[in-house]
Amino acid sequence: MNHTNRLINEKSPYLLQHARNPVDWYPWGAEAFERAKRADKPIFLSVGYSTCHWCHVMERESFESEETAAVLNEHCVSVKVDREERPDIDQVYMTAVQQLTGRGGWPMSMFLLPDGWPFVGGTYFTPNRFRHFISQIAEVYRSRRADAERAAAETVAAVEQSVQPPGAEASPLDRALVSRAVDALRQQFDEEHGGFGAAPKFPPHGALPLLFQEYRRTGDDDLLRMATRTLDAMAMGGIHDHLGGGFHRYSADAEWLLPHFEKMLYDNALLSKAYVEAYTLTQDTSYRNAAEDVYAWVAREMTHSQGGFHSALDADTEGEEGKFYVWRKQEIQDVLGREDGELFCRAYDIRDEGNYHDEVTRRRTGANIIHLAKEPSALADEIGLDAPTLNDRLCRAREKLLAVRDGRARPHLDDKIITSWNGLMIASLAYARRELEDTRYRDAAESAAEFILGQLAENGRLLRRWREGEARYDGFLDDYAYLCHGLLELSEATGSDEWLDYAVKLMDRVLAEFWDDAAGGFHYTSRTHEPLFTRPKEMFDHPLPSSNAIAAQVLLRLAALTGNNRYLDAAERTLRALSGWMAFAPQATESLVMAAEVWLEAQERGG
């Protein structure tokens, strides 16, 4: 049966993926809430993104099911949200899910009262459980409305309380905050595999720059060792796309072998900058190669013809996660021939039985994830080849395999252009221009900055996303802060005050529109954004740097560049407002800790 719902008129690739579901979806907006009030039904809010594997699974199992759609359509008004377009909605309702269940993730599945207050929810549901859950929710809403309203009030109160650290006391802004964060990293460091903590392992975007910053300040070689060991392990692992470049989202195991295969622009922006910084500190060319590998992928696959950067590549191809990326041993040998095939398989741990096991069943699939089993130099010694010859043969083999892979059905590209994520890639490329002295990176950064300021800036304010000629949604704090960060890097890389002037104007708007007059620091939404049941405030790195932290870093940099103490004062007030969180959760506030260290150094210089 053919269906078309209201999402067919949207631009979001994620919403369009659901536009032909039998579910009677609404986009977020007044129409859906008015319908829920008129019909006296709860709202089912589903939040995800277009390259999310488990979002695809729940769509196939539930949202494409006539049976499930009939239950949803009877009992609920269903609303679909792209979390990348509306991160404000995602933030407040994900916090609610975490308060209710103790965990979060996507797809997010939340049930709301018609006024938007959440009363119960979760993440992924299997089909039978989901249908049963909907029926239960409908019964509670019909016959025990007071219970639903009480649960909603308690959830909202818990969400609002969650923005205060336990004790809610400010902590002194001193180096004890920095020491606690570094000590937490030492305790969590995985000596065997690199990274911090147990599986699943995400690229440690907050830890790496903090370790580099503190290594520069203290000369403690152990800090550099933790950072470079982690970067080495990721570059060798399956989380790295050894053929096409770039890094996948995260690793389901501790060894960095088994990735979730989506590739996000922001991960690659942050990691490429980290690899350039590692090269700058060590002069080890493997780090430069890893960064340039990312930049080549971005130029080839992620750059819009007008200069901006696309958002992400899907984990799935033809309904199967990782299908585009994995290989059977015979396929590799057929492409490379016996001698080069055996060499490649030895280097990259390609097995007859496969090294890729299903994450859920733990069974081997017969397919292989390409990853380096050992350092190429060690393999060269082992097989009696000199390192340059080995590297040349492996490089030619990768090129041949990439050409074959490019003929496969490709994963979906989410081609929307997000201001904040572009700001991070602009920052990485501009930094690479300075440190690697390659003008290609300056050109790419400038083209992206010109695109964003030309297409996503309007009357001195930023918009969130652009796709197919449409710019939409008022920018959030991360859009302003990340873009300003990129513009300041670009100003330093080019020597042009034009980019600095733009950053000044944008941060002045942030101070006017996002500042929290009562508590200090910045709200995630401006004074003119649509009000939700609470106004979010972002202090944690998860997985992107805290927008408050990047705003504070930008303010400190602007104070140094312009001599305007207004920026220094705002940075200090932000850090003091969030210092309790730095003391309570140093492992989740590393970007704020970095800003605190910069502020401390500024105070010492001023004294």
# chains A, B, ... in the order shown; residues from 1 in each chain; ligands from 1

$ select_by_dssp --residues "segment 286-451 of chain A" --states "strand (DSSP E)" --output "VMD selection string"
chain A and resid 312 to 313 316 to 317 320 to 321 413 to 414 417 to 418

$ residues_around --residues "segment 64-77 of chain A" --least-positions-apart "5" --cutoff "10 Å" --atoms "only C-alpha atoms" --output "VMD selection string"
chain A and resid 1 3 18 20 to 26 32 to 37 39 to 45 58 to 59 111 to 112 114 127 to 128 130 to 132 134 to 135 137 to 139 141 to 142

$ write_last_selection --atoms "C-alpha atoms" --output "compact mmCIF listing (two decimals), in the first residue's frame"
# COMPACT_ATOMS: atom_id res chain seq x y z
CA MET A 1 0.00 0.00 0.00
CA HIS A 3 1.34 6.13 1.80
CA HIS A 18 9.73 8.48 7.01
CA ARG A 20 5.99 7.21 3.13
CA ASN A 21 5.44 5.34 6.39
CA PRO A 22 1.84 4.33 7.17
CA VAL A 23 2.29 6.20 10.46
CA ASP A 24 0.42 9.51 10.28
CA TRP A 25 3.51 11.55 11.09
CA TYR A 26 3.54 15.27 11.81
CA ALA A 32 0.52 18.50 15.85
CA PHE A 33 -0.04 19.91 19.34
CA GLU A 34 -3.39 21.41 18.38
CA ARG A 35 -4.48 18.07 16.91
CA ALA A 36 -3.46 16.28 20.12
CA LYS A 37 -5.49 18.72 22.22
CA ALA A 39 -8.42 14.66 19.82
CA ASP A 40 -7.38 14.40 23.49
CA LYS A 41 -4.55 12.00 22.68
CA PRO A 42 -0.96 11.77 23.90
CA ILE A 43 1.83 12.73 21.53
CA PHE A 44 4.32 10.09 20.47
CA LEU A 45 7.61 11.92 19.87
CA MET A 58 12.97 0.61 14.29
CA GLU A 59 11.61 2.11 11.09
CA PHE A 111 5.19 10.03 25.09
CA LEU A 112 3.98 13.54 25.91
CA PRO A 114 -0.72 17.46 24.62
CA PRO A 127 7.85 -4.40 17.50
CA ASN A 128 5.74 -6.51 19.87
CA PHE A 130 6.32 -1.31 21.20
CA ARG A 131 2.71 -2.14 20.27
CA HIS A 132 2.05 -3.38 23.78
CA ILE A 134 1.49 2.04 23.09
CA SER A 135 -1.66 0.28 24.26
CA ILE A 137 0.15 4.28 27.48
CA ALA A 138 -3.23 4.84 25.84
CA GLU A 139 -5.00 3.06 28.71
CA TYR A 141 -3.93 8.32 29.45
CA ARG A 142 -7.64 7.45 29.17

$ residues_around --residues "segment 333-338 of chain A" --least-positions-apart "3" --cutoff "12 Å" --atoms "only C-alpha atoms" --output "ChimeraX atom specification"
/A:327-330,341-346,350-352,393-405

$ residues_around --residues "Pro200 of chain A" --least-positions-apart "6" --cutoff "10 Å" --atoms "only C-alpha atoms" --output "PyMOL selection string"
chain A and resi 250-256+258-260

$ select_by_dssp --residues "segment 20-244 of chain A" --states "helix (DSSP H, G or I)" --output "PyMOL selection string"
chain A and resi 30-39+53-63+66-75+87-101+127-143+145-161+175-188+207-218+221-236

$ residues_around --residues "Ser547 of chain A" --least-positions-apart "5" --cutoff "9 Å" --atoms "only C-alpha atoms" --output "list in words"
Leu477, Asp478, Asp479, Tyr480, Ala481, Tyr482, Phe522, Tyr524, Lys537, Glu538, Met539, Phe540, Asp541 and Ala552 of chain A

$ write_last_selection --atoms "N, CA and C atoms" --output "mmCIF file, in the first residue's frame"
data_model
loop_
_atom_site.group_PDB
_atom_site.id
_atom_site.type_symbol
_atom_site.label_atom_id
_atom_site.label_comp_id
_atom_site.auth_asym_id
_atom_site.auth_seq_id
_atom_site.Cartn_x
_atom_site.Cartn_y
_atom_site.Cartn_z
ATOM 1 N N LEU A 477 23.285 27.949 20.372
ATOM 2 C CA LEU A 477 24.552 28.422 20.919
ATOM 3 C C LEU A 477 25.742 27.763 20.241
ATOM 4 N N ASP A 478 25.652 26.459 19.959
ATOM 5 C CA ASP A 478 26.791 25.797 19.323
ATOM 6 C C ASP A 478 27.027 26.319 17.913
ATOM 7 N N ASP A 479 25.972 26.715 17.206
ATOM 8 C CA ASP A 479 26.165 27.283 15.869
ATOM 9 C C ASP A 479 27.018 28.546 15.943
ATOM 10 N N TYR A 480 26.717 29.406 16.889
ATOM 11 C CA TYR A 480 27.486 30.641 17.043
ATOM 12 C C TYR A 480 28.896 30.356 17.571
ATOM 13 N N ALA A 481 28.978 29.567 18.633
ATOM 14 C CA ALA A 481 30.275 29.362 19.284
ATOM 15 C C ALA A 481 31.242 28.599 18.388
ATOM 16 N N TYR A 482 30.777 27.506 17.768
ATOM 17 C CA TYR A 482 31.670 26.711 16.918
ATOM 18 C C TYR A 482 32.103 27.503 15.685
ATOM 19 N N PHE A 522 25.652 30.525 29.450
ATOM 20 C CA PHE A 522 24.773 30.708 28.300
ATOM 21 C C PHE A 522 23.725 29.607 28.220
ATOM 22 N N TYR A 524 21.280 27.319 25.845
ATOM 23 C CA TYR A 524 21.484 26.749 24.509
ATOM 24 C C TYR A 524 20.617 27.453 23.478
ATOM 25 N N LYS A 537 20.525 24.102 28.904
ATOM 26 C CA LYS A 537 21.829 24.714 29.119
ATOM 27 C C LYS A 537 22.859 23.598 29.033
ATOM 28 N N GLU A 538 23.817 23.757 28.164
ATOM 29 C CA GLU A 538 24.742 22.663 27.853
ATOM 30 C C GLU A 538 26.085 22.915 28.530
ATOM 31 N N MET A 539 26.443 21.999 29.441
ATOM 32 C CA MET A 539 27.743 22.123 30.107
ATOM 33 C C MET A 539 28.649 20.922 29.852
ATOM 34 N N PHE A 540 28.087 19.802 29.429
ATOM 35 C CA PHE A 540 28.874 18.582 29.245
ATOM 36 C C PHE A 540 29.350 18.417 27.803
ATOM 37 N N ASP A 541 30.485 17.741 27.644
ATOM 38 C CA ASP A 541 30.946 17.271 26.341
ATOM 39 C C ASP A 541 30.269 15.923 26.076
ATOM 40 N N ALA A 552 33.174 30.043 26.010
ATOM 41 C CA ALA A 552 34.161 30.603 26.940
ATOM 42 C C ALA A 552 35.543 30.673 26.295
#

$ closest_residue --among "A:Ala457, A:Ala233, A:Leu313, A:Ala170" --to "Asp267 of chain A" --atoms "only C-alpha atoms"
A:Leu313

$ atom_distance --atom1 "atom CA of Leu185 of chain A" --atom2 "atom CA of His242 of chain A"
28.0 Å

$ atom_distance --atom1 "atom CA of Ala269 of chain A" --atom2 "atom CA of Ser428 of chain A"
5.8 Å

$ residues_around --residues "Phe514 of chain A" --least-positions-apart "2" --cutoff "12 Å" --atoms "only C-alpha atoms" --output "PyMOL selection string"
chain A and resi 475-481+506-512+516-518+520-529+535-538+547-548+551+570+574

$ closest_residue --among "A:Trp581, A:Gly307, A:Val298, A:Trp599" --to "Ala559 of chain A" --atoms "only C-alpha atoms"
A:Trp599

$ residues_around --residues "Ala493 of chain A" --least-positions-apart "4" --cutoff "7 Å" --atoms "only C-alpha atoms" --output "short mmCIF file (atom, residue, chain, number, x, y, z; two decimals) with N, CA, C and O atoms, in the first residue's frame"
data_model
loop_
_atom_site.label_atom_id
_atom_site.label_comp_id
_atom_site.auth_asym_id
_atom_site.auth_seq_id
_atom_site.Cartn_x
_atom_site.Cartn_y
_atom_site.Cartn_z
N ALA A 430 41.69 25.27 8.99
CA ALA A 430 42.50 26.47 9.18
C ALA A 430 43.72 26.16 10.05
O ALA A 430 44.84 26.65 9.78
N TYR A 431 43.53 25.35 11.07
CA TYR A 431 44.65 24.93 11.91
C TYR A 431 45.67 24.13 11.10
O TYR A 431 46.89 24.32 11.22
N ARG A 433 46.18 24.44 7.92
CA ARG A 433 46.89 25.38 7.05
C ARG A 433 48.10 25.96 7.78
O ARG A 433 49.19 26.07 7.20
N ARG A 434 47.93 26.31 9.03
CA ARG A 434 49.05 26.88 9.79
C ARG A 434 50.13 25.86 10.06
O ARG A 434 51.32 26.13 9.89
N GLU A 489 40.26 30.74 14.07
CA GLU A 489 41.35 29.93 13.50
C GLU A 489 41.67 30.41 12.08
O GLU A 489 42.83 30.49 11.69
#

$ atom_distance --atom1 "atom CA of Leu568 of chain A" --atom2 "atom CA of Ala207 of chain A"
24.4 Å

$ closest_residue --among "A:Asp438, A:Asp241, A:Asp183, A:Asp82" --to "Phe196 of chain A" --atoms "only C-alpha atoms"
A:Asp183
